[in-house]
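Engineer: Provided herewith is a single structure, encoded as structure tokens, for subsequent inquiry.
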Amino acid sequence: MELGTLGVDPSRTVLWAQVTDGRPKMSIDGELRLRPDGISGNESLYLGDVGRAALRSLGPADPPFFDDPPGYDEQKWILSTSSGDVSMIIASKSYWGFGLLDKCFLNRIEMTGPLSLRARITLDIAASLGRNPWEPTFQRLFRKATGSEMREHKDAWQGLIEYAREEMNEEIQTVSQRLSQLKGKDSEIEGILSKVSESLDEARAALTDHNAPAVERAIGRAIQALVEADPSTEIRSSEFAASVNRDAKWWNEVPKSDEVDASHLLEDDVPLVDMTEEE
């Protein structure tokens with residue numbers, strides 16, 4: 001496994017994250033694809049909180065393929081998948097304690113694709129986890145296992161997070177400027193413009209909470225209202241919003257005869273964390 005970390009890079013991202021929970025329990029089918037737990041004939045594995053957050057943040061994709069499937073240790077594996085222009089490889093391995101506890105594990109996340117998409121996925125992963133993923137249980141062992149110093153890990157994560165925040169803030173400003181241009185020109189559209197203003201306020205609040213999906217949804221509502229107020233409006237929605245929908249359908253793609261409840265993988269309540277706090 002290649003060591004080192006890469007944050008704001010034009011072509012590739014490599015991030016390392018501390019696992020704190022081995023759940024959810026999943027399964028692997030005969031084609032080495034990740035599936036929900038409980039399907040007859042499938043072997044079990046533990047995806048972990050980081051893996052779950054990463055796949056959900058990537059968006060809809062074919063079930064991930066295991067390049068290195070789990071064996072005796074159900075939490076040690078390497079999988080790969082892609083969604084739109086972004087490809088992702090996640091590796092899970094223990095780095096202390098012989099893998100006896102969930103917190104013995106770390107995940108390496110590698111992404112390729114447009115930097116803007118990688119940055120927003122990174123922000124969403126960290127926000128979904130509700131903690132700083134670069135903060136390990138044991139720093140010395142984490143440094144040795146990853147080949148990077150703790151400051152490098154923090155800079156890689158926070159560099160991408162800040163990149164995403166700045167880009168989304170620019171989108172909010174673009175929509176806000178168009179709103180200002182339309183205000184006062186036609187009394188008949190003032191009600192619609194009020195909806196735009198409300199959506200922008202929601203987008204700013206979501207950005208403060210590091211909630212990228214909520215920012216995208218709010219910006220989308222604002223743009224839709226602007227187009228309704230002025231059909232000639234030409235505001236391109238973000239690359240991320242246009243190409244990524246977070247409702248990953250494959251989580252529930254289970255044959256009817258073997259259907260299991262995977263609703264816990266699709267919960268909408270996402271804890272948030274302030275990732276700007278200094279060490």
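Quick note on naming: the chains in the structure tokens go A, B, ... in the order shown, residues restart at 1 in each chain, and ligands are numbered from 1 in order of appearance.
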Fewer than 2 positions away in the same chain doesn't count, so skip those; otherwise give me all residues within 9 Å of Trp16 (chain A), counting only C-alpha atoms, as a CSV table (one decimal) with N, CA and C atoms, in the first residue's frame.
Structural biologist:
```csv
chain,number,residue,atom,x,y,z
A,4,GLY,N,2.0,8.0,2.3
A,4,GLY,CA,1.9,9.5,2.0
A,4,GLY,C,0.5,10.0,1.8
A,5,THR,N,0.4,11.3,1.9
A,5,THR,CA,-1.0,11.9,1.8
A,5,THR,C,-0.9,13.0,0.8
A,14,VAL,N,-5.2,11.6,-1.7
A,14,VAL,CA,-4.9,10.5,-0.8
A,14,VAL,C,-5.1,10.9,0.6
A,18,GLN,N,-8.9,7.7,10.8
A,18,GLN,CA,-9.1,6.7,11.9
A,18,GLN,C,-10.5,6.2,11.9
A,106,LEU,N,-7.4,1.8,10.4
A,106,LEU,CA,-7.4,3.0,9.7
A,106,LEU,C,-7.9,2.7,8.2
A,107,ASN,N,-8.3,3.7,7.6
A,107,ASN,CA,-8.7,3.6,6.1
A,107,ASN,C,-7.9,4.6,5.3
A,108,ARG,N,-7.5,4.1,4.2
A,108,ARG,CA,-6.8,5.0,3.2
A,108,ARG,C,-7.8,5.2,2.1
A,109,ILE,N,-8.1,6.5,1.8
A,109,ILE,CA,-9.0,6.9,0.7
A,109,ILE,C,-8.3,7.6,-0.4
A,110,GLU,N,-8.3,7.0,-1.6
A,110,GLU,CA,-7.7,7.6,-2.7
A,110,GLU,C,-8.8,7.9,-3.8
A,133,PRO,N,-11.5,13.1,11.1
A,133,PRO,CA,-11.0,11.8,10.8
A,133,PRO,C,-9.5,11.6,10.8
A,134,TRP,N,-8.8,12.7,10.7
A,134,TRP,CA,-7.3,12.6,10.7
A,134,TRP,C,-6.7,12.5,12.1
A,146,THR,N,1.2,5.3,8.0
A,146,THR,CA,0.7,6.2,6.8
A,146,THR,C,1.9,6.8,6.1
A,153,HIS,N,-1.4,15.3,7.6
A,153,HIS,CA,-2.7,14.7,7.5
A,153,HIS,C,-3.8,15.8,7.6
A,157,TRP,N,-6.6,17.2,4.7
A,157,TRP,CA,-8.0,17.2,4.9
A,157,TRP,C,-8.5,18.6,4.9
```
Engineer: Using only C-alpha atoms, what table do you get, as JSON lines, when you list each residue of region 53-104 of chain A with an atom no more than 8 Å from region 38-46 of chain A, its nearest pair of atoms, and their distance in Å rounded to one decimal, rows by chain then rising number?
Structural biologist:
```
{"residue": "A:Pro70", "atom": "CA", "partner": "A:Leu45", "partner_atom": "CA", "distance": 6.8}
{"residue": "A:Glu74", "atom": "CA", "partner": "A:Leu45", "partner_atom": "CA", "distance": 4.5}
{"residue": "A:Gln75", "atom": "CA", "partner": "A:Tyr46", "partner_atom": "CA", "distance": 5.0}
```
Engineer: Those selected residues, please, written with C-alpha atoms and delivered as an mmCIF file, in the first residue's frame.
Structural biologist:
```cif
data_model
loop_
_atom_site.group_PDB
_atom_site.id
_atom_site.type_symbol
_atom_site.label_atom_id
_atom_site.label_comp_id
_atom_site.auth_asym_id
_atom_site.auth_seq_id
_atom_site.Cartn_x
_atom_site.Cartn_y
_atom_site.Cartn_z
ATOM 1 C CA PRO A 70 -11.747 -9.777 3.367
ATOM 2 C CA GLU A 74 -13.586 -9.134 8.153
ATOM 3 C CA GLN A 75 -12.440 -5.542 8.542
#
```
Engineer: What is the CA of Val86 (chain A) to CA of Leu117 (chain A) distance in Å?
Structural biologist: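 Separation of CA of Val86 (chain A) and CA of Leu117 (chain A): 7.3 Å.
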Engineer: Quote the spacing between CA of Lys93 (chain A) and CA of Phe105 (chain A) in Å to one decimal place.
Structural biologist: 5.4 Å
Engineer: Find the residue from A:Ser92, A:Ala119, A:Leu200, A:Leu47 that sits nearest to Pro10 (chain A); use only C-alpha atoms when measuring.
Structural biologist: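 Nearest to Pro10 (chain A): A:Ala119.
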